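Colleague: This is the structure I have questions about; it appears just below.
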Amino acid sequence: MKGMSFFRTIQAKLIIIYVLLILIAMQLIGVYFVSSMKNSLTDNFTKDLKARAEMLSILTADKFGSEAGGADEDSSVDSLRGMVNNLYISGAEIQVLDASGKIITTSVPSQTDYVGQRNTQTVVSRALQGIGDNEEYITGDDNVRKKVVAKPVWLGGKVVGAIYIAADMKDLYATISRINSVFISGMLIALTLTAVLGVILAHTITQPIKEMTRHATAVAEGSFDRKMPIFGSDEIGQLSKAFNYMTGRLRDALSQNEEEKEKLASILTNMSDGVVATDETGRVILMNRRASLMLGCSEKSLPAGLRLEGLLGLAPDQTMALEGGMAQSTMLRLGEEEEENPNIVRVTFTPIHRREGGTAGTIAVLQDVTEQENLEASRREFVANVSHELRTPLTTIKSYAEALDDGALEDPQLAGRFVGVIRSETERMIRLVTDLLHLSRFDSREAQLRYQETDIAEMLEDVADRFSFQIRQKRISISTVVRRGVTTAWLDRDQIDQVLGNLVSNALKYTPEGGRIELEAGKSEFGMLEVSVQDSGIGIPKKDIERIFERFYRVDKARSRNMGGTGLGLSIAREIVKAHGGAIWLQSELNQGSKVTFTLPLNTQRGERA
Ligand SMILES: Nc1ncnc2c1ncn2[C@@H]1O[C@H](COP(=O)(O)OP(=O)(O)OP(=O)(O)O)[C@@H](O)[C@H]1O
Ligand SMILES: [Mg+2]
């Protein structure tokens, strides 16, 4: 805009147009005016000449009567000369000619030599022939245009001579050229004034336009603060007002837009689901933070033109189904192939529809459903386990009941044994169902802990006492140790009794005769109550230790079941310890023994949970 040449500006155009208009108008007026003035001046000049010639012809007519060569003739020539001289016309030559065209007298003294000679000009001969109106232009010796008129002199119905006037037109031309020069100087003044006015006028128009251009540029560059000055209430003033209004609206619209964008961006960034958007060709154009985390790559590190299926690693048939609208979502396993717990992600595709039809791209929403899927899987496994655990005793009961029905009832000894088996299987089932109920209460967080201040040493002794019969039977030695600094703790006595019971019963179950069991309580390095149950039993293989707290998990299913185990003891213990705000873990060495340790917060007061 800066480099625009002057001749391209509106200012220049306006000035040029104005000047041209004035020039053309003046020219037209000038041509018409000057030519008509010239005509009228020459007409007047000619008319005047003719009138004078006419007058002279009438005045001189009677002088032509006298005979030639007499004294009369001389006196009439004199009087003719006097008349001619009286009729003096500046710059004009007047000749009086006789019927043969000879010059009788002339008004120009220098021309007296020509007296007596014939004037042979056409106008003269025409006048002598009796034609009244004769005129023509001649150019004299001094190169001056002259107007020539000739009039016949009538006497008694005959042409007796002629009057000839040749008038110099110098003055007339001088007048015309003076008028011309007045006209030209007027025109020049008018042009100058027009140019000046043009500049001023153009300035009043172009100044606001320039100002507006500056503002428009500023607005385009994003500065909305300045207001356009309003130069008046004319069209330009209205334009300025409209411009200011537009700037305001634009600023509002832009800031609204910006706000919306920011909102959208922050929603996208803080969404718990991943979002990937593509354009209509399927290329990835946007990816939020969560999606980057899930897919393990950032938007910036993506290769240019990467397609969605490439990013998600979809198979071609999957892509076809999703793009064709046959399927809406699909499950993806993210992470390395060999990884044990890959992330499971549900990808939902939504096409972005254009208002005018067709799709502008696709939005893929990635939801991490790993936890859900794992829960679902463990629920399925749990149901299968429960069914399996219940089926075994039920089958046993059924077969024994059938045996009784088939005649075993007749044999009281056999019947007694069979009823005993049925009772023990039923008890097993009751235990199982009780355990399950217990667990489910913890799962649904319905289990309320009833805290009470408990003497630790007494509690451990109590447990040992509870199992004293079996301990003695298996000839196992048991010891309880409570280290210094631990006396009482706030806990749900019944629940912790169950934990200890489960642990001691395991220790008893999996320790051969003559073994040892140690119950120990102390303070952990984190200031927690730490209780451990150690045995010198068969131990647990390394690979099973990790899963030992899972429901129904048993190292040797058959043997455990024979011992009446359901595989729920440790998981119940874990739930109870967790509810108290503690932790439980197991250390074991195969064929050497196992040690289960759990911690409980020491400073928990009645009714409050850690
Ligand atoms: N002290 C231990 N020594 C060796 N193995 C053990 C010990 N404690 C637990 N286990 C192993 O862990 C498994 C799970 O124990 P858990 O107490 O949960 O179930 P269970 O004893 O079989 O049945 P339940 O306790 O419900 O009667 C057992 O089957 C056993 O294989
Ligand atoms: Mg057990």
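By convention here, the chains of the structure tokens are called A, B, ... in the order presented, each chain's residues are numbered starting at 1, and ligands are numbered starting at 1 in the order presented.
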Any chance you could tabulate, as JSON lines, the residues of chain A at most 9 Å from ligand 2 with each one's nearest atom pair and distance in Å to one decimal, using only C-alpha atoms and all ligand atoms, in chain and rising number order?
Modeller:
{"residue": "A:Gly501", "atom": "CA", "partner": "ligand 2", "partner_atom_place_in_ligand_line": "1 (Mg)", "distance": 8.8}
{"residue": "A:Asn502", "atom": "CA", "partner": "ligand 2", "partner_atom_place_in_ligand_line": "1 (Mg)", "distance": 5.3}
{"residue": "A:Leu503", "atom": "CA", "partner": "ligand 2", "partner_atom_place_in_ligand_line": "1 (Mg)", "distance": 6.6}
{"residue": "A:Val504", "atom": "CA", "partner": "ligand 2", "partner_atom_place_in_ligand_line": "1 (Mg)", "distance": 8.3}
{"residue": "A:Ser505", "atom": "CA", "partner": "ligand 2", "partner_atom_place_in_ligand_line": "1 (Mg)", "distance": 6.1}
{"residue": "A:Asn506", "atom": "CA", "partner": "ligand 2", "partner_atom_place_in_ligand_line": "1 (Mg)", "distance": 4.5}
{"residue": "A:Ala507", "atom": "CA", "partner": "ligand 2", "partner_atom_place_in_ligand_line": "1 (Mg)", "distance": 8.3}
{"residue": "A:Lys509", "atom": "CA", "partner": "ligand 2", "partner_atom_place_in_ligand_line": "1 (Mg)", "distance": 7.8}
{"residue": "A:Ser560", "atom": "CA", "partner": "ligand 2", "partner_atom_place_in_ligand_line": "1 (Mg)", "distance": 8.6}
{"residue": "A:Gly564", "atom": "CA", "partner": "ligand 2", "partner_atom_place_in_ligand_line": "1 (Mg)", "distance": 8.9}
{"residue": "A:Gly565", "atom": "CA", "partner": "ligand 2", "partner_atom_place_in_ligand_line": "1 (Mg)", "distance": 6.0}
{"residue": "A:Thr566", "atom": "CA", "partner": "ligand 2", "partner_atom_place_in_ligand_line": "1 (Mg)", "distance": 7.5}
{"residue": "A:Gly567", "atom": "CA", "partner": "ligand 2", "partner_atom_place_in_ligand_line": "1 (Mg)", "distance": 6.4}
{"residue": "A:Leu568", "atom": "CA", "partner": "ligand 2", "partner_atom_place_in_ligand_line": "1 (Mg)", "distance": 6.8}
{"residue": "A:Gly569", "atom": "CA", "partner": "ligand 2", "partner_atom_place_in_ligand_line": "1 (Mg)", "distance": 4.3}
{"residue": "A:Leu570", "atom": "CA", "partner": "ligand 2", "partner_atom_place_in_ligand_line": "1 (Mg)", "distance": 6.2}
Colleague: 9 Å from ligand 1 is the threshold here; counting only C-alpha atoms and all ligand atoms, which polymer residues fall inside it? Answer as a ChimeraX atom specification.
Modeller: /A:431-432,435,502-511,533-541,544-545,547-557,559-561,563-573,586,588,590-591,593-596
Colleague: Check the DSSP output for the backbone and give back, as a ChimeraX atom specification, the residues of region 231-344 of chain A in alpha helix (DSSP H).
Modeller: /A:235-270,289-295,308-312,316-323
Colleague: Between CA of Leu191 (chain A) and CA of Phe33 (chain A), measure the distance and give it in Å to one decimal.
Modeller: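 Taking CA of Leu191 (chain A) and CA of Phe33 (chain A), their separation equals 18.4 Å.
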Colleague: Which distance in Å separates CA of Asp492 (chain A) and CA of Arg450 (chain A), to one decimal?
Modeller: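 One can read the CA of Asp492 (chain A) to CA of Arg450 (chain A) distance as 5.0 Å.
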Colleague: Region 401-408 of chain A: which residues within 8 Å, counting only C-alpha atoms, same-chain residues fewer than 5 positions away excluded, as a PyMOL selection string?
Modeller: chain A and resi 414-415+418+422
Colleague: Mind writing the picked residues with N, CA and C atoms as a tab-separated table (two decimals), in the first residue's frame?
Modeller:
chain	number	residue	atom	x	y	z
A	414	LEU	N	-23.22	-98.66	58.51
A	414	LEU	CA	-22.92	-97.96	57.26
A	414	LEU	C	-23.69	-96.64	57.19
A	415	ALA	N	-24.98	-96.74	57.59
A	415	ALA	CA	-25.84	-95.55	57.54
A	415	ALA	C	-25.25	-94.45	58.40
A	418	PHE	N	-22.33	-92.91	56.61
A	418	PHE	CA	-22.77	-92.08	55.47
A	418	PHE	C	-23.36	-90.76	55.94
A	422	ILE	N	-22.25	-86.94	55.07
A	422	ILE	CA	-23.19	-85.92	54.58
A	422	ILE	C	-23.12	-84.70	55.49
Colleague: Let's see if you can do this: from backbone DSSP, list all strand (DSSP E) residues in region 383-540 of chain A, as a PyMOL selection string.
Modeller: chain A and resi 451-455+477-482+488-492+516-523+528-535
Colleague: Please, could you write that set of residues out with C-alpha atoms as a JSON list (two decimals), in the first residue's frame?
Modeller:
[["chain", "number", "residue", "atom", "x", "y", "z"],
["A", 451, "TYR", "CA", -13.05, -50.96, 67.53],
["A", 452, "GLN", "CA", -12.14, -51.80, 71.06],
["A", 453, "GLU", "CA", -8.98, -51.51, 73.09],
["A", 454, "THR", "CA", -7.37, -54.91, 73.03],
["A", 455, "ASP", "CA", -4.51, -56.40, 74.97],
["A", 477, "SER", "CA", 5.12, -76.57, 69.91],
["A", 478, "ILE", "CA", 3.67, -73.07, 69.90],
["A", 479, "SER", "CA", 5.12, -69.88, 71.35],
["A", 480, "THR", "CA", 3.79, -66.34, 71.62],
["A", 481, "VAL", "CA", 6.14, -63.41, 71.88],
["A", 482, "VAL", "CA", 5.10, -59.80, 72.44],
["A", 488, "THR", "CA", -2.73, -52.62, 73.65],
["A", 489, "ALA", "CA", -4.21, -51.50, 70.35],
["A", 490, "TRP", "CA", -7.56, -50.30, 69.08],
["A", 491, "LEU", "CA", -9.00, -52.90, 66.74],
["A", 492, "ASP", "CA", -12.06, -55.00, 65.98],
["A", 516, "ARG", "CA", 6.80, -75.32, 65.45],
["A", 517, "ILE", "CA", 4.48, -72.31, 65.31],
["A", 518, "GLU", "CA", 5.53, -68.87, 66.52],
["A", 519, "LEU", "CA", 3.17, -66.00, 67.16],
["A", 520, "GLU", "CA", 4.94, -62.71, 67.48],
["A", 521, "ALA", "CA", 3.81, -59.10, 67.94],
["A", 522, "GLY", "CA", 5.95, -55.99, 67.81],
["A", 523, "LYS", "CA", 6.23, -52.47, 66.48],
["A", 528, "MET", "CA", 2.56, -49.88, 63.20],
["A", 529, "LEU", "CA", 1.55, -52.95, 65.14],
["A", 530, "GLU", "CA", 3.16, -55.89, 63.39],
["A", 531, "VAL", "CA", 1.89, -59.43, 64.03],
["A", 532, "SER", "CA", 3.37, -62.52, 62.42],
["A", 533, "VAL", "CA", 2.56, -66.22, 62.39],
["A", 534, "GLN", "CA", 5.49, -68.40, 61.51],
["A", 535, "ASP", "CA", 5.55, -72.16, 61.03]]
Colleague: Tell me, as a short mmCIF file (atom, residue, chain, number, x, y, z; two decimals) with N, CA and C atoms, in the first residue's frame, which residues lie within 12 Å of Asn180 (chain A), counting only C-alpha atoms; anything in the same chain fewer than 3 positions away does not count.
Modeller:
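The new file result_21.cif reads:
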data_model
loop_
_atom_site.label_atom_id
_atom_site.label_comp_id
_atom_site.auth_asym_id
_atom_site.auth_seq_id
_atom_site.Cartn_x
_atom_site.Cartn_y
_atom_site.Cartn_z
N MET A 26 -13.89 24.46 -20.93
CA MET A 26 -13.33 25.73 -21.37
C MET A 26 -13.04 25.69 -22.85
N GLN A 27 -12.55 24.57 -23.29
CA GLN A 27 -12.22 24.44 -24.72
C GLN A 27 -13.48 24.60 -25.56
N ILE A 29 -16.34 25.93 -24.69
CA ILE A 29 -16.85 27.30 -24.61
C ILE A 29 -15.98 28.23 -25.45
N GLY A 30 -14.66 28.06 -25.31
CA GLY A 30 -13.71 28.91 -26.01
C GLY A 30 -13.90 28.85 -27.52
N VAL A 31 -13.97 27.63 -28.04
CA VAL A 31 -14.08 27.48 -29.50
C VAL A 31 -15.36 28.15 -29.99
N TYR A 32 -16.45 27.84 -29.27
CA TYR A 32 -17.73 28.38 -29.70
C TYR A 32 -17.75 29.90 -29.58
N PHE A 33 -17.27 30.38 -28.43
CA PHE A 33 -17.34 31.80 -28.13
C PHE A 33 -16.44 32.61 -29.06
N VAL A 34 -15.20 32.15 -29.19
CA VAL A 34 -14.23 32.91 -30.00
C VAL A 34 -14.67 32.94 -31.46
N SER A 35 -15.13 31.80 -31.96
CA SER A 35 -15.47 31.79 -33.39
C SER A 35 -16.71 32.65 -33.64
N MET A 37 -17.63 35.16 -31.88
CA MET A 37 -17.27 36.57 -31.72
C MET A 37 -16.51 37.09 -32.93
N LYS A 38 -15.66 36.21 -33.43
CA LYS A 38 -14.87 36.60 -34.61
C LYS A 38 -15.82 36.87 -35.78
N TYR A 173 -8.07 41.77 -35.84
CA TYR A 173 -7.36 40.56 -35.39
C TYR A 173 -6.70 40.80 -34.04
N ALA A 174 -6.23 42.01 -33.84
CA ALA A 174 -5.61 42.31 -32.54
C ALA A 174 -6.65 42.17 -31.43
N THR A 175 -7.85 42.69 -31.70
CA THR A 175 -8.92 42.57 -30.71
C THR A 175 -9.20 41.10 -30.40
N ILE A 176 -9.31 40.34 -31.50
CA ILE A 176 -9.63 38.91 -31.30
C ILE A 176 -8.53 38.22 -30.50
N SER A 177 -7.28 38.55 -30.84
CA SER A 177 -6.21 37.83 -30.13
C SER A 177 -6.16 38.30 -28.69
N PHE A 183 -9.05 34.98 -22.55
CA PHE A 183 -9.71 33.69 -22.36
C PHE A 183 -8.74 32.64 -21.84
N ILE A 184 -7.57 32.58 -22.46
CA ILE A 184 -6.59 31.56 -22.07
C ILE A 184 -6.12 31.79 -20.64
N SER A 185 -5.86 33.10 -20.31
CA SER A 185 -5.37 33.32 -18.94
C SER A 185 -6.48 32.99 -17.94
N GLY A 186 -7.74 33.31 -18.31
CA GLY A 186 -8.86 32.93 -17.45
C GLY A 186 -8.90 31.44 -17.24
N MET A 187 -8.69 30.73 -18.37
CA MET A 187 -8.75 29.28 -18.29
C MET A 187 -7.64 28.74 -17.39
#
Colleague: Quote the spacing between CA of Ile58 (chain A) and CA of Arg118 (chain A) in Å to one decimal place.
Modeller: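 Computed distance, CA of Ile58 (chain A) to CA of Arg118 (chain A), equals 21.7 Å.
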Colleague: Write out, as CSV, each residue of region 140-229 of chain A that has an atom at most 12 Å from region 106-117 of chain A, together with the closest pair of atoms and their distance in Å to one decimal, counting only C-alpha atoms, rows going by chain and rising number.
Modeller:
residue,atom,partner,partner_atom,distance
A:Ile163,CA,A:Thr106,CA,10.0
A:Tyr164,CA,A:Thr106,CA,9.2
A:Ile165,CA,A:Ser107,CA,9.5
A:Ala166,CA,A:Ser107,CA,10.6
A:Ala167,CA,A:Ser107,CA,11.6
Colleague: Which is closest to Thr348 (chain A) among A:Ala360, A:Val275, A:Leu254, A:Leu286, if we use only C-alpha atoms?
Modeller: A:Val275
Colleague: Name the residues in contact with region 266-272 of chain A at a cut-off of 7 Å, using only C-alpha atoms, excluding same-chain residues fewer than 6 positions from it; report them as a list in words.
Modeller: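 Once the adjacent positions are removed, what remains is Asn288, Arg289 and Arg290 of chain A.
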Colleague: Selection from above, C-alpha atoms, as a tab-separated table (two decimals), in the first residue's frame, can you write it?
Modeller:
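Output saved as selection-v2.tsv:
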chain	number	residue	atom	x	y	z
A	288	ASN	CA	-5.34	-35.04	23.44
A	289	ARG	CA	-3.00	-35.67	26.34
A	290	ARG	CA	-4.82	-38.76	27.56
Colleague: So that I can see what lies close to region 146-162 of chain A, please list as number ranges by chain the residues with an atom at most 8 Å from it, counting only C-alpha atoms and leaving out residues fewer than 2 positions away in the same chain.
Modeller: A: 46, 49-50, 53-54, 57-58, 60-62, 64, 96-101, 123-124, 127-140, 144, 164-169
